[in-house]
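Q: You'll find structure.cif just under this line, and it carries mmCIF, C-alpha atoms.
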```
data_structure
loop_
_atom_site.label_atom_id
_atom_site.label_comp_id
_atom_site.auth_asym_id
_atom_site.auth_seq_id
_atom_site.Cartn_x
_atom_site.Cartn_y
_atom_site.Cartn_z
CA MET A 1 0.00 0.00 0.00
CA ALA A 2 1.05 3.58 -0.46
CA ALA A 3 2.17 5.71 2.45
CA VAL A 4 -0.68 7.20 4.42
CA GLY A 5 0.78 10.55 5.35
CA ALA A 6 3.83 12.64 4.72
CA GLY A 7 3.85 14.98 7.72
CA GLY A 8 5.72 12.85 10.19
CA SER A 9 7.99 12.73 13.18
CA THR A 10 10.73 10.53 11.74
CA ALA A 11 14.37 11.28 12.32
CA ALA A 12 16.11 13.67 9.99
CA ALA A 13 18.03 11.96 7.23
CA GLY A 14 21.74 12.57 7.42
CA PRO A 15 24.37 11.95 4.75
CA GLY A 16 23.89 8.57 3.20
CA ALA A 17 20.62 7.96 5.06
CA LEU A 18 18.02 5.85 3.34
CA SER A 19 14.84 7.31 1.98
CA ALA A 20 11.73 5.87 3.64
CA GLY A 21 9.85 5.83 0.38
CA ALA A 22 12.54 4.68 -2.01
CA LEU A 23 12.98 1.16 -0.74
CA GLU A 24 9.45 -0.01 -0.07
CA PRO A 25 8.03 -3.09 -1.80
CA GLY A 26 6.95 -2.37 -5.33
CA THR A 27 9.76 0.08 -6.09
CA ALA A 28 12.76 -0.46 -8.33
CA SER A 29 15.02 -1.09 -5.33
CA ALA A 30 12.69 -3.50 -3.59
CA GLY A 31 14.44 -6.50 -5.14
CA ASN A 32 17.78 -5.52 -3.69
CA VAL A 33 17.98 -7.54 -0.48
CA LYS A 34 20.89 -5.52 0.87
CA HIS A 35 19.07 -2.23 0.45
CA LEU A 36 15.93 -3.72 1.98
CA VAL A 37 17.86 -4.90 5.04
CA LEU A 38 19.51 -1.49 5.38
CA PHE A 39 16.14 0.20 5.09
CA LEU A 40 14.60 -2.02 7.77
CA HIS A 41 17.60 -1.40 10.04
CA GLU A 42 17.14 2.35 9.58
CA ALA A 43 13.36 2.32 10.00
CA VAL A 44 13.09 -0.21 12.84
CA LEU A 45 16.31 0.07 14.89
CA VAL A 46 17.81 3.50 14.22
CA GLN A 47 14.45 5.22 14.53
CA TYR A 48 13.64 3.14 17.59
CA VAL A 49 11.44 5.79 19.19
CA ASP A 50 9.10 5.59 16.21
CA THR A 51 9.13 1.80 16.48
CA LEU A 52 8.41 1.78 20.21
CA LYS A 53 5.17 3.66 19.59
CA LEU A 54 3.82 0.47 18.03
CA ALA A 55 4.40 -1.51 21.23
CA VAL A 56 1.17 -0.14 22.72
CA PRO A 57 -1.27 -1.27 19.99
CA SER A 58 0.69 -4.50 19.53
CA LEU A 59 0.27 -5.37 23.22
CA ILE A 60 -3.44 -4.51 23.04
CA TYR A 61 -3.95 -6.55 19.86
CA THR A 62 -2.25 -9.55 21.46
CA LEU A 63 -4.53 -9.22 24.48
CA GLN A 64 -7.53 -8.79 22.20
CA ASN A 65 -6.81 -12.01 20.30
CA ASN A 66 -6.75 -13.97 23.56
CA LEU A 67 -9.94 -12.29 24.77
CA GLN A 68 -11.68 -13.36 21.58
CA TYR A 69 -10.84 -17.00 22.27
CA VAL A 70 -12.21 -16.64 25.80
CA ALA A 71 -15.38 -15.06 24.42
CA ILE A 72 -16.01 -17.61 21.68
CA SER A 73 -15.41 -20.42 24.19
CA ASN A 74 -18.21 -19.10 26.40
CA LEU A 75 -20.74 -17.81 23.86
CA PRO A 76 -22.51 -19.33 20.86
CA ALA A 77 -20.81 -18.32 17.63
CA ALA A 78 -23.82 -16.34 16.39
CA THR A 79 -24.15 -14.46 19.69
CA PHE A 80 -20.45 -13.67 19.68
CA GLN A 81 -20.58 -12.40 16.10
CA VAL A 82 -23.47 -10.07 16.85
CA THR A 83 -22.03 -8.81 20.14
CA TYR A 84 -18.58 -8.25 18.65
CA GLN A 85 -20.06 -5.57 16.40
CA LEU A 86 -19.82 -3.33 19.46
CA LYS A 87 -16.32 -2.62 18.20
CA ILE A 88 -17.98 -0.21 15.75
CA LEU A 89 -19.37 1.73 18.71
CA THR A 90 -16.10 1.77 20.66
CA THR A 91 -14.11 2.71 17.56
CA ALA A 92 -16.49 5.58 16.81
CA LEU A 93 -16.25 6.90 20.37
CA PHE A 94 -12.45 6.73 20.43
CA SER A 95 -12.35 8.38 16.99
CA VAL A 96 -14.37 11.30 18.33
CA LEU A 97 -12.22 11.59 21.46
CA MET A 98 -8.75 11.02 19.97
CA LEU A 99 -9.07 12.16 16.34
CA ASN A 100 -11.71 14.88 16.77
CA ARG A 101 -13.80 13.14 14.14
CA SER A 102 -17.40 14.27 13.77
CA LEU A 103 -20.29 11.88 13.27
CA SER A 104 -23.59 12.69 11.63
CA ARG A 105 -26.85 12.42 13.50
CA LEU A 106 -27.70 9.34 11.47
CA GLN A 107 -24.46 7.71 12.57
CA TRP A 108 -25.14 8.51 16.22
CA ALA A 109 -28.63 7.06 15.80
CA SER A 110 -27.18 3.93 14.19
CA LEU A 111 -24.77 3.50 17.11
CA LEU A 112 -27.69 3.70 19.52
CA LEU A 113 -29.54 1.16 17.38
CA LEU A 114 -26.45 -1.06 17.43
CA PHE A 115 -26.23 -0.94 21.22
CA THR A 116 -29.94 -1.73 21.51
CA GLY A 117 -29.62 -4.73 19.20
CA VAL A 118 -26.67 -6.15 21.13
CA ALA A 119 -28.51 -5.60 24.42
CA ILE A 120 -31.51 -7.55 23.09
CA VAL A 121 -29.29 -10.44 21.97
CA GLN A 122 -27.59 -10.53 25.36
CA ALA A 123 -30.97 -10.48 27.10
CA GLN A 124 -32.00 -13.47 24.99
CA GLN A 125 -28.76 -15.20 25.93
CA ALA A 126 -29.25 -14.47 29.64
CA SER A 127 -32.78 -15.84 29.53
CA GLY A 128 -31.37 -19.18 28.42
CA GLY A 129 -32.24 -19.02 24.75
CA GLY A 130 -31.72 -22.58 23.60
CA PRO A 131 -29.42 -25.32 24.94
CA ARG A 132 -25.77 -24.58 25.52
CA PRO A 133 -22.76 -26.61 26.73
CA LEU A 134 -22.44 -26.84 30.48
CA ASP A 135 -18.87 -25.54 30.42
CA GLN A 136 -19.90 -22.21 28.88
CA ASN A 137 -20.10 -19.11 31.07
CA PRO A 138 -22.13 -16.40 29.30
CA GLY A 139 -21.09 -13.76 31.85
CA ALA A 140 -17.41 -14.40 31.25
CA GLY A 141 -18.01 -14.46 27.50
CA LEU A 142 -19.80 -11.10 27.55
CA ALA A 143 -17.06 -9.53 29.69
CA ALA A 144 -14.42 -10.84 27.28
CA VAL A 145 -16.30 -9.46 24.26
CA VAL A 146 -16.71 -6.02 25.84
CA ALA A 147 -13.05 -5.90 26.82
CA SER A 148 -12.05 -7.04 23.33
CA CYS A 149 -14.23 -4.36 21.71
CA LEU A 150 -12.78 -1.65 23.94
CA SER A 151 -9.23 -2.76 23.20
CA SER A 152 -10.00 -3.03 19.48
CA GLY A 153 -11.45 0.47 19.35
CA PHE A 154 -8.59 2.09 21.25
CA ALA A 155 -5.80 0.21 19.48
CA GLY A 156 -7.33 0.82 16.07
CA VAL A 157 -7.70 4.57 16.56
CA TYR A 158 -4.24 4.82 18.17
CA PHE A 159 -2.75 2.97 15.19
CA GLU A 160 -4.57 5.23 12.76
CA LYS A 161 -3.25 8.28 14.60
CA ILE A 162 0.29 6.95 14.26
CA LEU A 163 -0.22 6.30 10.54
CA LYS A 164 -1.46 9.83 9.97
CA GLY A 165 1.27 11.38 12.09
CA SER A 166 4.32 9.82 10.42
CA SER A 167 5.72 9.12 6.99
CA GLY A 168 5.98 5.36 7.54
CA SER A 169 3.80 3.27 5.24
CA VAL A 170 1.16 0.75 6.27
CA TRP A 171 3.37 -2.25 5.42
CA LEU A 172 6.19 -0.93 7.62
CA ARG A 173 3.84 -0.27 10.53
CA ASN A 174 2.37 -3.76 10.20
CA LEU A 175 5.89 -5.20 10.20
CA GLN A 176 6.63 -3.33 13.43
CA LEU A 177 3.34 -4.53 14.90
CA GLY A 178 4.22 -8.09 13.90
CA LEU A 179 7.62 -7.90 15.57
CA PHE A 180 6.17 -6.77 18.88
CA GLY A 181 3.18 -9.10 18.58
CA THR A 182 5.40 -12.14 17.96
CA ALA A 183 7.67 -11.28 20.89
CA LEU A 184 4.75 -10.67 23.25
CA GLY A 185 2.99 -13.82 22.08
CA LEU A 186 6.08 -15.94 22.68
CA VAL A 187 6.50 -14.47 26.17
CA GLY A 188 2.87 -15.23 26.98
CA LEU A 189 3.20 -18.76 25.57
CA TRP A 190 6.30 -19.49 27.61
CA TRP A 191 4.72 -18.08 30.77
CA ALA A 192 1.51 -20.10 30.39
CA GLU A 193 2.70 -23.31 28.70
CA GLY A 194 6.48 -23.16 28.92
CA THR A 195 6.90 -26.56 30.53
CA ALA A 196 4.58 -28.31 28.07
CA VAL A 197 6.28 -26.66 25.08
CA ALA A 198 9.74 -27.67 26.34
CA THR A 199 8.55 -31.26 26.85
CA ARG A 200 6.32 -31.87 23.84
CA GLY A 201 7.57 -29.34 21.31
CA PHE A 202 6.18 -26.11 19.90
CA PHE A 203 3.85 -27.71 17.36
CA PHE A 204 2.32 -30.30 19.68
CA GLY A 205 -1.47 -30.26 19.34
CA TYR A 206 -1.48 -28.63 15.91
CA THR A 207 -4.29 -30.71 14.48
CA PRO A 208 -5.70 -30.09 10.98
CA ALA A 209 -8.46 -28.04 12.60
CA VAL A 210 -5.87 -25.83 14.31
CA TRP A 211 -3.98 -25.34 11.05
CA GLY A 212 -7.29 -24.47 9.42
CA VAL A 213 -7.86 -21.71 11.98
CA VAL A 214 -4.32 -20.39 11.49
CA LEU A 215 -4.65 -20.31 7.70
CA ASN A 216 -8.11 -18.77 7.94
CA GLN A 217 -6.78 -15.98 10.15
CA ALA A 218 -3.88 -15.32 7.79
CA PHE A 219 -6.08 -15.37 4.70
CA GLY A 220 -8.60 -13.17 6.45
CA GLY A 221 -5.90 -10.60 7.15
CA LEU A 222 -5.02 -10.47 3.46
CA LEU A 223 -8.69 -10.09 2.55
CA VAL A 224 -9.00 -7.22 5.00
CA ALA A 225 -6.20 -5.40 3.19
CA VAL A 226 -8.04 -5.89 -0.10
CA VAL A 227 -11.26 -4.59 1.46
CA VAL A 228 -9.50 -1.50 2.81
CA LYS A 229 -8.02 -0.73 -0.59
CA TYR A 230 -10.80 -1.59 -3.04
CA ALA A 231 -14.19 -1.95 -1.33
CA ASP A 232 -16.46 0.98 -0.58
CA ASN A 233 -18.36 1.63 2.65
CA ILE A 234 -21.56 -0.03 1.50
CA LEU A 235 -19.77 -3.28 0.64
CA LYS A 236 -18.10 -3.30 4.04
CA GLY A 237 -21.50 -3.02 5.68
CA PHE A 238 -22.91 -5.83 3.58
CA ALA A 239 -19.89 -8.00 4.36
CA THR A 240 -20.39 -7.52 8.09
CA SER A 241 -24.10 -8.28 7.79
CA LEU A 242 -23.37 -11.38 5.73
CA SER A 243 -20.90 -12.62 8.33
CA ILE A 244 -23.63 -12.41 10.99
CA VAL A 245 -26.06 -14.35 8.82
CA LEU A 246 -23.49 -17.01 7.93
CA SER A 247 -22.41 -17.41 11.55
CA THR A 248 -26.02 -17.91 12.58
CA VAL A 249 -26.69 -20.49 9.85
CA ALA A 250 -23.49 -22.38 10.66
CA SER A 251 -24.32 -22.34 14.38
CA ILE A 252 -27.75 -23.81 13.65
CA ARG A 253 -26.30 -26.62 11.51
CA LEU A 254 -23.22 -27.42 13.60
CA PHE A 255 -24.18 -26.66 17.19
CA GLY A 256 -27.97 -26.80 17.23
CA PHE A 257 -28.27 -23.08 17.92
CA HIS A 258 -31.88 -21.96 18.43
CA VAL A 259 -33.00 -18.70 16.78
CA ASP A 260 -35.98 -17.22 18.61
CA PRO A 261 -37.80 -13.95 17.82
CA LEU A 262 -35.77 -12.02 20.40
CA PHE A 263 -32.46 -13.01 18.84
CA ALA A 264 -33.79 -12.33 15.34
CA LEU A 265 -34.91 -8.84 16.43
CA GLY A 266 -31.56 -8.01 18.02
CA ALA A 267 -29.54 -9.35 15.10
CA GLY A 268 -31.77 -7.47 12.66
CA LEU A 269 -31.21 -4.20 14.55
CA VAL A 270 -27.45 -4.76 14.51
CA ILE A 271 -27.45 -5.47 10.76
CA GLY A 272 -29.54 -2.36 10.12
CA ALA A 273 -27.28 -0.26 12.32
CA VAL A 274 -24.17 -1.46 10.49
CA TYR A 275 -25.77 -0.57 7.16
CA LEU A 276 -26.84 2.90 8.29
CA TYR A 277 -23.45 3.64 9.84
CA SER A 278 -21.68 2.65 6.63
CA LEU A 279 -23.68 5.03 4.43
CA PRO A 280 -21.68 7.85 2.81
CA ARG A 281 -22.25 11.22 4.44
CA GLY A 282 -24.04 12.61 1.37
CA ALA A 283 -26.43 9.68 1.19
CA ALA A 284 -27.17 10.03 4.90
CA LYS A 285 -28.11 13.68 4.38
CA ALA A 286 -30.36 12.71 1.48
CA ILE A 287 -32.18 10.15 3.67
CA ALA A 288 -32.58 12.70 6.46
CA SER A 289 -33.95 15.29 4.02
CA ALA A 290 -36.38 12.77 2.53
CA SER A 291 -37.60 11.80 6.00
CA ALA A 292 -38.10 15.46 6.95
CA SER A 293 -40.06 16.23 3.77
CA ALA A 294 -42.22 13.13 4.22
CA SER A 295 -43.11 14.06 7.80
CA GLY A 296 -44.77 17.35 6.85
CA PRO A 297 -44.71 20.44 4.63
CA CYS A 298 -41.48 22.33 4.35
CA VAL A 299 -41.41 25.48 6.51
CA HIS A 300 -38.78 27.31 4.47
CA GLN A 301 -40.05 28.33 1.06
CA GLN A 302 -37.96 29.66 -1.78
CA PRO A 303 -38.41 33.46 -2.18
CA PRO A 304 -39.72 34.48 -5.59
CA GLY A 305 -37.07 35.43 -8.09
CA GLN A 306 -34.34 33.45 -6.34
CA PRO A 307 -32.62 30.50 -8.04
CA PRO A 308 -33.49 27.07 -6.65
CA PRO A 309 -31.06 25.55 -4.13
CA PRO A 310 -28.50 23.09 -5.48
CA GLN A 311 -29.68 19.51 -5.57
CA LEU A 312 -27.74 16.59 -4.19
CA SER A 313 -26.09 14.80 -7.04
CA SER A 314 -27.21 11.23 -7.60
CA HIS A 315 -23.75 10.12 -8.71
CA HIS A 316 -21.88 8.05 -6.18
CA GLY A 317 -18.65 9.83 -6.93
CA ASP A 318 -20.14 13.17 -5.91
CA LEU A 319 -21.08 12.00 -2.43
CA ILE A 320 -19.00 13.06 0.52
CA THR A 321 -18.01 9.76 2.08
CA GLU A 322 -17.27 9.12 5.71
CA SER A 323 -15.05 6.28 6.87
CA PHE A 324 -17.03 3.21 7.90
CA LEU A 325 -14.20 2.19 10.20
CA PRO A 326 -10.65 3.45 10.64
CA LYS A 327 -8.32 1.43 8.44
CA SER A 328 -6.39 0.24 11.44
CA VAL A 329 -9.40 -1.65 12.79
CA LEU A 330 -9.75 -3.44 9.48
CA VAL A 331 -6.01 -4.09 9.28
CA LYS A 332 -6.27 -5.92 12.60
#
```
So that I can check it, write out the structure of this file as structure tokens.

A:
Amino acid sequence: MAAVGAGGSTAAAGPGALSAGALEPGTASAGNVKHLVLFLHEAVLVQYVDTLKLAVPSLIYTLQNNLQYVAISNLPAATFQVTYQLKILTTALFSVLMLNRSLSRLQWASLLLLFTGVAIVQAQQASGGGPRPLDQNPGAGLAAVVASCLSSGFAGVYFEKILKGSSGSVWLRNLQLGLFGTALGLVGLWWAEGTAVATRGFFFGYTPAVWGVVLNQAFGGLLVAVVVKYADNILKGFATSLSIVLSTVASIRLFGFHVDPLFALGAGLVIGAVYLYSLPRGAAKAIASASASASGPCVHQQPPGQPPPPQLSSHHGDLITESFLPKSVLVK
């Protein structure tokens, strides 16, 4: 991907210093292994202060991944998928607080709708909606989901702020995240399962199902990058909605999940909220204007002799779009 911003806080380049943009993948020098190693040494080790900034989101992302496993172990897959959409709410709130981003009234309304839908689904879960394994703890699962959503929102917005405040590209920042994430993951593994790893080996227990999860996560990360680069906001909303539907169908077939009217209502509200939040800003204004005109006669009339007000263009390219989610949340 191309660099996100050019106004950065990187160290000044002295004589013979490497250019941060000249040696990135896709350039003429990218095939030169020596130059690539020198560039990584300059960007990662020499500018270590810039690299250390990535330790915070990397630590949070590592914690978030483990919280997701705790959550999915204690909640039905469909319930987890619906509840995890709270990350849209937390990301929006952190974006307003940390990036001074403004949200339209329709977006605020969609966030309220999202929260209501998740609350209904959790109420259905608490009332014992359908059979569940005895070893599942819905309270622990909900706490893990909420903590994961909070960490996802903060880390995503923090990462986006770093991207916009430096000249480093997305691929370099992800490399730095990966370095910290791998180190932190290995420390956590050794602390929790060090004796078992030393006795049985690192890859003990890697069944085909485990490898399937690993490959799915890796492939999903690549797909996220494609979505960030090529898909528009509407497609992102449809993709999220489709994931909820597919998770529900798979849960019914594989785990005997029971869909009652309460769950269907909550999931429907969440899907609608995701769609409304993902609308471009111009389209949202058009919907609000149409709703206002349908509710009653217009109070403000055009004075005689004055030209009519400009109409909202119907072309998608003329709409003022608003980010559905910060890129860093999707790059997770």

Q: Give me, please, the distance in Å between atom CA of A:Val145 and atom CA of A:Asn65, quoted to one decimal.

A: 10.6 Å

Q: Each residue of stretch 33-152 of chain A with at least one atom at most 10 Å from stretch 184-197 of chain A should appear once, together with its nearest atom pair and the corresponding distance in Å (one decimal); atoms considered: all atoms listed in the file; ordering: chain, then increasing residue number; output as a Markdown table.

A:
```
| residue | atom | partner | partner_atom | distance |
| --- | --- | --- | --- | --- |
| A:Ala55 | CA | A:Leu184 | CA | 9.4 |
| A:Ser58 | CA | A:Leu184 | CA | 8.3 |
| A:Leu59 | CA | A:Leu184 | CA | 6.9 |
| A:Thr62 | CA | A:Gly185 | CA | 6.8 |
| A:Leu63 | CA | A:Gly185 | CA | 9.1 |
| A:Asn66 | CA | A:Gly185 | CA | 9.9 |
```

Q: Since I can't run it myself right now, could you work out what the PyMOL selection byres ((chain A and resi 259) around 10) selects here and report it as a list in words?

A: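 Taken over the shown coordinates, the PyMOL selection byres ((chain A and resi 259) around 10) returns Ala78, Gln124, Gly129, Gly130, Thr248, Val249, Ser251, Ile252, Gly256, Phe257, His258, Asp260, Pro261, Leu262, Phe263 and Ala264 of chain A.
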
Q: Would you output that residue set with C-alpha atoms, as a compact mmCIF listing (two decimals), keeping the file's coordinate frame?

A:
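Dumped everything to again-v9.txt:
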```
# COMPACT_ATOMS: atom_id res chain seq x y z
CA ALA A 78 -23.82 -16.34 16.39
CA GLN A 124 -32.00 -13.47 24.99
CA GLY A 129 -32.24 -19.02 24.75
CA GLY A 130 -31.72 -22.58 23.60
CA THR A 248 -26.02 -17.91 12.58
CA VAL A 249 -26.69 -20.49 9.85
CA SER A 251 -24.32 -22.34 14.38
CA ILE A 252 -27.75 -23.81 13.65
CA GLY A 256 -27.97 -26.80 17.23
CA PHE A 257 -28.27 -23.08 17.92
CA HIS A 258 -31.88 -21.96 18.43
CA ASP A 260 -35.98 -17.22 18.61
CA PRO A 261 -37.80 -13.95 17.82
CA LEU A 262 -35.77 -12.02 20.40
CA PHE A 263 -32.46 -13.01 18.84
CA ALA A 264 -33.79 -12.33 15.34
```

Q: If you count all atoms listed in the file, which residues fall within 7 Å of stretch 94-108 of chain A, apart from same-chain ones fewer than 3 positions away, as a PyMOL selection string?

A: chain A and resi 90-91+111-112+153-154+157+276-277+284

Q: Can you pull out the residues contacting A:Val44? Cut-off 12 Å, using all atoms listed in the file, and skip same-chain residues under 5 positions away; I want them as a CSV table (one decimal) with C-alpha atoms, in the frame of the given file.

A:
```csv
chain,number,residue,atom,x,y,z
A,10,THR,CA,10.7,10.5,11.7
A,11,ALA,CA,14.4,11.3,12.3
A,20,ALA,CA,11.7,5.9,3.6
A,36,LEU,CA,15.9,-3.7,2.0
A,37,VAL,CA,17.9,-4.9,5.0
A,38,LEU,CA,19.5,-1.5,5.4
A,39,PHE,CA,16.1,0.2,5.1
A,49,VAL,CA,11.4,5.8,19.2
A,50,ASP,CA,9.1,5.6,16.2
A,51,THR,CA,9.1,1.8,16.5
A,52,LEU,CA,8.4,1.8,20.2
A,53,LYS,CA,5.2,3.7,19.6
A,54,LEU,CA,3.8,0.5,18.0
A,168,GLY,CA,6.0,5.4,7.5
A,172,LEU,CA,6.2,-0.9,7.6
A,173,ARG,CA,3.8,-0.3,10.5
A,174,ASN,CA,2.4,-3.8,10.2
A,175,LEU,CA,5.9,-5.2,10.2
A,176,GLN,CA,6.6,-3.3,13.4
A,177,LEU,CA,3.3,-4.5,14.9
A,178,GLY,CA,4.2,-8.1,13.9
A,179,LEU,CA,7.6,-7.9,15.6
A,180,PHE,CA,6.2,-6.8,18.9
```

Q: Here's the selection I'm unsure about, the PyMOL selection byres ((chain A and resi 147) around 10); applied to the file above, which residues does it give, as JSON, numbers by chain?

A: {"A": [63, 64, 67, 68, 71, 87, 141, 142, 143, 144, 145, 146, 148, 149, 150, 151, 152, 153]}

Q: Counting all atoms listed in the file, which of A:Thr207, A:Thr240, A:Asn216, A:Thr182 gets nearest to A:Tyr61?

A: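 For A:Tyr61, the nearest of the candidates is A:Thr182.
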
Q: Grab the atom CA of A:Val118 to atom CA of A:Val270 distance for me, in Å with one decimal place.

A: 6.8 Å

Q: Could you tell me how far atom CA of A:Ser167 lies from atom CA of A:Ala92, in Å and to one decimal?

A: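 It comes out at 24.5 Å.
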
Q: Which is closest to A:Thr83 among A:Ala123, A:Val56, A:Val33, A:Leu40, if we use all atoms listed in the file?

A: A:Ala123

Q: Nearest to A:Val227 among A:Ala239, A:Ala77, A:Leu269, A:Leu45, with distances taken over only C-alpha atoms: which residue is it?

A: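 Selected residue with least distance to A:Val227: A:Ala239.
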
Q: Name the closest residue to A:Leu75 among the candidates A:Leu215, A:Val121, A:Ala198, A:Ala267; distances are taken between atoms, counting all atoms listed in the file.

A: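 The closest residue to A:Leu75 is A:Val121.
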
Q: Can you patch up stretch 193-212 of chain A, filling it in to N, CA and C atoms, and show the result as a short mmCIF file (atom, residue, chain, number, x, y, z; two decimals), in the frame of the given file?

A:
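Heads up, here's the output in out_27.cif:
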```
data_model
loop_
_atom_site.label_atom_id
_atom_site.label_comp_id
_atom_site.auth_asym_id
_atom_site.auth_seq_id
_atom_site.Cartn_x
_atom_site.Cartn_y
_atom_site.Cartn_z
N GLU A 193 2.52 -21.90 29.11
CA GLU A 193 2.70 -23.31 28.70
C GLU A 193 4.17 -23.64 28.47
N GLY A 194 5.05 -22.96 29.16
CA GLY A 194 6.48 -23.16 28.92
C GLY A 194 6.94 -24.59 29.15
N THR A 195 6.48 -25.20 30.22
CA THR A 195 6.90 -26.56 30.53
C THR A 195 6.40 -27.55 29.48
N ALA A 196 5.15 -27.40 29.08
CA ALA A 196 4.58 -28.31 28.07
C ALA A 196 5.27 -28.14 26.72
N VAL A 197 5.60 -26.90 26.36
CA VAL A 197 6.28 -26.66 25.08
C VAL A 197 7.67 -27.27 25.11
N ALA A 198 8.39 -27.11 26.23
CA ALA A 198 9.74 -27.67 26.34
C ALA A 198 9.71 -29.19 26.29
N THR A 199 8.64 -29.80 26.80
CA THR A 199 8.55 -31.26 26.85
C THR A 199 8.06 -31.86 25.54
N ARG A 200 7.00 -31.27 24.98
CA ARG A 200 6.32 -31.87 23.84
C ARG A 200 6.64 -31.20 22.51
N GLY A 201 7.25 -30.03 22.55
CA GLY A 201 7.57 -29.34 21.31
C GLY A 201 6.56 -28.23 21.01
N PHE A 202 6.99 -27.30 20.18
CA PHE A 202 6.18 -26.11 19.90
C PHE A 202 4.90 -26.46 19.14
N PHE A 203 4.98 -27.41 18.23
CA PHE A 203 3.85 -27.71 17.36
C PHE A 203 3.00 -28.87 17.87
N PHE A 204 3.16 -29.25 19.13
CA PHE A 204 2.32 -30.30 19.68
C PHE A 204 0.88 -29.81 19.76
N GLY A 205 -0.06 -30.63 19.30
CA GLY A 205 -1.47 -30.26 19.34
C GLY A 205 -1.95 -29.51 18.13
N TYR A 206 -1.08 -29.30 17.15
CA TYR A 206 -1.48 -28.63 15.91
C TYR A 206 -2.20 -29.63 15.01
N THR A 207 -3.47 -29.82 15.28
CA THR A 207 -4.29 -30.71 14.48
C THR A 207 -4.68 -30.02 13.17
N PRO A 208 -5.23 -30.76 12.21
CA PRO A 208 -5.70 -30.09 10.98
C PRO A 208 -6.69 -28.96 11.24
N ALA A 209 -7.52 -29.12 12.28
CA ALA A 209 -8.46 -28.04 12.60
C ALA A 209 -7.72 -26.79 13.06
N VAL A 210 -6.66 -26.98 13.84
CA VAL A 210 -5.87 -25.83 14.31
C VAL A 210 -5.19 -25.14 13.14
N TRP A 211 -4.61 -25.93 12.24
CA TRP A 211 -3.98 -25.34 11.05
C TRP A 211 -5.02 -24.61 10.20
N GLY A 212 -6.23 -25.15 10.15
CA GLY A 212 -7.29 -24.47 9.42
C GLY A 212 -7.60 -23.10 10.00
#
```
